[in-house]
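What follows is one structure encoded as structure tokens, with my remarks underneath.
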Protein chains: 2
Amino acid sequence: MTPTTAPHSTHISRQFNHEMEAIRTRLLAMGGLVEQQVGNAISALIESDYAVADDVRLNDHRVNQMQIDIDEECTRILARRQPAASDLRLVLAVTRATSDLERIGDEAQKIARHAMQLVEEGAAPRGYAEARHIGYQVRHMLQDALNAFARFDTQLALAVLQEDQAVDMEYRSATRALVTFMMEDPRAISRVLNIMWVLRALERIGDHSNNLAECVIYLVRGTDVRHASFEAIEASLEEPDRRDAT
Amino acid sequence: MTPTTAPHSTHISRQFNHEMEAIRTRLLAMGGLVEQQVGNAISALIESDYAVADDVRLNDHRVNQMQIDIDEECTRILARRQPAASDLRLVLAVTRATSDLERIGDEAQKIARHAMQLVEEGAAPRGYAEARHIGYQVRHMLQDALNAFARFDTQLALAVLQEDQAVDMEYRSATRALVTFMMEDPRAISRVLNIMWVLRALERIGDHSNNLAECVIYLVRGTDVRHASFEAIEASLEEPDRRDAT
């Protein structure tokens with residue numbers, strides 16, 4: 001770089017850093033909204049609160065709009081700035097993460113719809129304790145995944161992957177118990193099914209939080225760990241960090 | 001371009017075009033495999049064929065590997081070629097599409113698992129006709145979405161979006177009928193639930209095919225139509241094509 005071009009380049013580079021920081025901040029803001037949607041949907045279910053559920057339903061378009069806006073900004077950065085190495089990974093990780101956050105928003109909306117149906121049909125005789133419990137777990141996973149993104153923390157991301165295994169087990173056991181209950185009390189089938197769909201939605205929120213955690217590992221280490229086993233990912237994180245070495 | 005640089009540039013540009021063509025071809029090959037997985041999963045269910053279902057389950061890793069390989073190639077193109085305008089859109093559309101195809105693969109695997117459970121528990125007394133019917137519709141949607149991608153055909157993509165509305169209606173009506181049936185015959189609940197999860201998986205395949213169709217519109221027209229209503233998308237396609245005008 002010659003001295004003549006330095007001030008101009010410094011300006012460009014400062015603005016570029018600012019843009020990169022901005023998409024990360026906007027992703028985390030989107031994460032905050034989605035977290036709130038999930039929390040409100042679970043509260044609406046547990047407390048049979050139709051108005052809160054309806055708010056979740058109506059707020060989903062805000063999540064969708066954030067996805068479109070952030071993706072547009074990512075595309076703009078790719079086209080104009082042509083980022084490389086870790087910058088390119090950040091842009092790609094952000095656009096992948098918006099997709100998972102948007103789908104978590106969809107699942108929150110589904111939970112809200114089932115909560116509304118349960119207010120209309122009358123509460124289900126079983127399943128709320130399980131929904132509360134799994135709901136608590138997946139909210140925790142989502143928070144951890146977003147914190148891992150904010151701090152580039154692969155160990156916290158790894159913890160999220162581990163939590164997902166526990167959630168899947170809880171989900172299967174809760175589902176089996178509800179099937180047994182439905183057989184004993186067929187009149188409750190329709191209401192219990194609403195809870196089963198809620199549990200499925202919560203399990204999916206766990207899966208998407210898992211994907212977010214995988215994004216963090218991709219972002220920090222440059223390795224695509226989707227579809228790899230937990231053990232393989234854990235082992236790979238114990239190896240020395242070789243990012244941008246290629 | 002000066003005459004001196006022309007042969008070199010022509011070479012680069014030919015190779016670039018070749019790379020762009022290659023990721024599209026690979027995406028369509030991935031689509032072919034996923035289509036086959038969905039078709040086999042539905043056949044396995046309808047014909048209570050454990051071996052075919054098990055094949056679907058075992059082949060899912062091939063779909064996953066294709067996603068990772070294609071995404072890696074897309075990242076490499078972004079880093080080295082720094083594509084702009086419609087080339088950038090193609091790379092981004094391909095990487096979005098691999099994500100939906102991979103999730104369709106997951107849903108096919110879920111259908112296969114439920115088919116295997118039904119072979120073990122004994123066939124469900126209801127629901128196969130609905131699964132066959134909705135299965136036929138979503139396979140058709142997936143094929144159309146892939147053809148739309150192959151031919152850059154926005155009208156065919158629009159037809160996929162329309163089909164998805166029909167599938168959602170069929171799904172809701174089939175689910176209601178199965179709930180009524182379960183109340184009449186509680187002993188069949190567990191088996192009928194397997195069919196209900198299959199229907200849900202088919203409905204999700206419809207949603208992901210819908211996303212693929214939205215990718216085609218993004219690719220051809222440059223507009224992000226996710227979350228827009230069918231009517232709004234239809235109207236926007238009637239406007240003159242302004243791609244790359246900005």
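Just remember, in the structure tokens the first chain shown is A, the second B, etc., residues are 1-based per chain, and ligands are 1-based in the order shown.
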May I have the residues of chain A within 9 Å of chain B, counting only C-alpha atoms, written as number ranges by chain?
A: 61, 64-65, 68, 72, 75, 78-80, 82-85, 88-89, 92, 96, 179-180, 182-190, 193, 224, 226-227
Residues from last step as file, N, CA and C atoms, as a short mmCIF file (atom, residue, chain, number, x, y, z; two decimals), in the first residue's frame:
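For reference, out_30.cif as written:
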```cif
data_model
loop_
_atom_site.label_atom_id
_atom_site.label_comp_id
_atom_site.auth_asym_id
_atom_site.auth_seq_id
_atom_site.Cartn_x
_atom_site.Cartn_y
_atom_site.Cartn_z
N HIS A 61 -44.38 -11.50 11.47
CA HIS A 61 -43.95 -10.78 10.26
C HIS A 61 -42.72 -9.91 10.54
N ASN A 64 -39.80 -12.16 10.05
CA ASN A 64 -39.61 -12.39 8.60
C ASN A 64 -38.93 -11.20 7.93
N GLN A 65 -39.39 -9.99 8.31
CA GLN A 65 -38.83 -8.79 7.67
C GLN A 65 -37.36 -8.63 8.04
N ILE A 68 -35.28 -10.85 5.78
CA ILE A 68 -35.13 -10.29 4.43
C ILE A 68 -34.13 -9.13 4.43
N GLU A 72 -30.47 -9.15 2.61
CA GLU A 72 -30.23 -8.16 1.56
C GLU A 72 -28.90 -7.45 1.81
N THR A 75 -26.03 -9.78 0.96
CA THR A 75 -25.83 -9.86 -0.49
C THR A 75 -25.12 -8.61 -1.00
N LEU A 78 -21.50 -8.86 -0.12
CA LEU A 78 -20.81 -9.80 -1.02
C LEU A 78 -20.54 -9.17 -2.37
N ALA A 79 -21.52 -8.43 -2.89
CA ALA A 79 -21.39 -7.85 -4.23
C ALA A 79 -20.38 -6.71 -4.25
N ARG A 80 -20.41 -5.85 -3.23
CA ARG A 80 -19.59 -4.63 -3.29
C ARG A 80 -18.24 -4.78 -2.63
N GLN A 82 -16.75 -7.89 -1.67
CA GLN A 82 -16.04 -9.13 -2.00
C GLN A 82 -15.14 -9.60 -0.87
N PRO A 83 -15.75 -9.85 0.29
CA PRO A 83 -14.96 -10.25 1.47
C PRO A 83 -14.30 -11.61 1.26
N ALA A 84 -13.19 -11.84 1.95
CA ALA A 84 -12.47 -13.11 1.85
C ALA A 84 -12.30 -13.71 3.25
N ALA A 85 -11.87 -14.96 3.26
CA ALA A 85 -11.51 -15.65 4.51
C ALA A 85 -12.55 -15.47 5.61
N LEU A 88 -15.70 -13.44 4.81
CA LEU A 88 -16.65 -14.17 3.97
C LEU A 88 -17.44 -15.16 4.83
N ARG A 89 -16.72 -15.84 5.72
CA ARG A 89 -17.40 -16.80 6.60
C ARG A 89 -18.43 -16.12 7.48
N LEU A 92 -21.54 -15.44 5.38
CA LEU A 92 -22.26 -16.67 5.09
C LEU A 92 -22.91 -17.24 6.37
N ARG A 96 -26.92 -17.90 6.94
CA ARG A 96 -27.44 -19.21 7.39
C ARG A 96 -28.20 -19.07 8.70
N VAL A 179 -49.07 -40.61 24.26
CA VAL A 179 -49.78 -41.60 23.44
C VAL A 179 -50.52 -42.58 24.37
N THR A 180 -49.83 -43.03 25.42
CA THR A 180 -50.46 -43.92 26.40
C THR A 180 -51.68 -43.25 27.02
N MET A 182 -53.56 -40.89 25.77
CA MET A 182 -54.66 -40.75 24.80
C MET A 182 -55.46 -42.04 24.67
N MET A 183 -54.75 -43.17 24.76
CA MET A 183 -55.43 -44.45 24.64
C MET A 183 -56.36 -44.67 25.84
N GLU A 184 -55.96 -44.12 27.00
CA GLU A 184 -56.79 -44.28 28.20
C GLU A 184 -57.98 -43.33 28.20
N ASP A 185 -57.81 -42.17 27.58
CA ASP A 185 -58.88 -41.16 27.60
C ASP A 185 -59.09 -40.58 26.19
N PRO A 186 -59.74 -41.36 25.33
CA PRO A 186 -59.88 -40.94 23.91
C PRO A 186 -60.62 -39.61 23.73
N ARG A 187 -61.44 -39.22 24.69
CA ARG A 187 -62.15 -37.94 24.51
C ARG A 187 -61.19 -36.77 24.52
N ALA A 188 -60.00 -36.99 25.10
CA ALA A 188 -59.03 -35.89 25.21
C ALA A 188 -58.07 -35.84 24.01
N ILE A 189 -58.24 -36.78 23.04
CA ILE A 189 -57.26 -36.90 21.95
C ILE A 189 -56.94 -35.57 21.26
N SER A 190 -58.00 -34.87 20.86
CA SER A 190 -57.79 -33.65 20.08
C SER A 190 -56.98 -32.62 20.89
N LEU A 193 -53.39 -33.83 21.38
CA LEU A 193 -52.63 -33.67 20.13
C LEU A 193 -52.07 -32.26 19.99
N ASP A 224 -17.04 -27.09 8.33
CA ASP A 224 -18.48 -27.33 8.21
C ASP A 224 -18.81 -28.60 8.99
N ARG A 226 -21.85 -29.61 10.00
CA ARG A 226 -23.22 -30.13 9.86
C ARG A 226 -23.14 -31.62 9.55
N HIS A 227 -24.03 -32.38 10.13
CA HIS A 227 -24.13 -33.82 9.89
C HIS A 227 -22.99 -34.63 10.53
#
```
Do you have, as a Markdown table, the list of residues of segment 2-66 of chain B lying at most 7 Å from segment 116-134 of chain B, each with its nearest atom pair and that distance in Å to one decimal, counting only C-alpha atoms and ordered by chain then number?
```
| residue | atom | partner | partner_atom | distance |
| --- | --- | --- | --- | --- |
| B:Ile46 | CA | B:Tyr128 | CA | 6.4 |
| B:Ser48 | CA | B:Val119 | CA | 5.8 |
| B:Tyr50 | CA | B:Met116 | CA | 5.5 |
| B:Ala53 | CA | B:Met116 | CA | 6.4 |
```
Written selection (all heavy atoms) as a compact mmCIF listing (two decimals), in the first residue's frame:
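Generated output (selection_32.txt):
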```
# COMPACT_ATOMS: atom_id res chain seq x y z
N ILE B 46 -46.53 -47.25 1.56
CA ILE B 46 -47.76 -47.78 0.94
C ILE B 46 -47.68 -49.30 0.82
O ILE B 46 -48.66 -50.01 1.06
CB ILE B 46 -47.96 -47.17 -0.47
CG1 ILE B 46 -48.00 -45.63 -0.42
CG2 ILE B 46 -49.20 -47.73 -1.15
CD1 ILE B 46 -49.22 -45.01 0.14
N SER B 48 -45.72 -51.32 2.61
CA SER B 48 -45.18 -51.91 3.85
C SER B 48 -43.88 -52.67 3.57
O SER B 48 -43.71 -53.81 3.97
CB SER B 48 -46.20 -52.87 4.48
OG SER B 48 -47.38 -52.18 4.78
N TYR B 50 -40.20 -52.97 4.35
CA TYR B 50 -39.18 -52.62 5.34
C TYR B 50 -37.82 -52.36 4.69
O TYR B 50 -37.12 -51.41 5.04
CB TYR B 50 -39.05 -53.75 6.36
CG TYR B 50 -38.33 -53.36 7.63
CD1 TYR B 50 -39.03 -52.92 8.75
CD2 TYR B 50 -36.95 -53.45 7.71
CE1 TYR B 50 -38.37 -52.57 9.92
CE2 TYR B 50 -36.27 -53.09 8.88
CZ TYR B 50 -36.99 -52.65 9.97
OH TYR B 50 -36.33 -52.30 11.13
N ALA B 53 -37.61 -49.02 2.92
CA ALA B 53 -37.56 -47.95 3.93
C ALA B 53 -36.16 -47.87 4.55
O ALA B 53 -35.62 -46.77 4.73
CB ALA B 53 -38.61 -48.22 5.02
```
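Straight-line separation from atom CA of Ala29 of chain B to atom CA of Phe152 of chain B: 16.2 Å.
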Ile104 of chain A environment, 10 Å, only C-alpha atoms, sequence neighbours closer than 5 positions dropped, as a PyMOL selection string:
chain A and resi 31+34-35+37-38+63+98-99+109-110+142+201-202+204-209
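Among the candidates B:Glu203, B:Asp60, B:Glu231, B:Asp153, the residue lying nearest to Thr175 of chain B is B:Glu203 (atoms considered: only C-alpha atoms).
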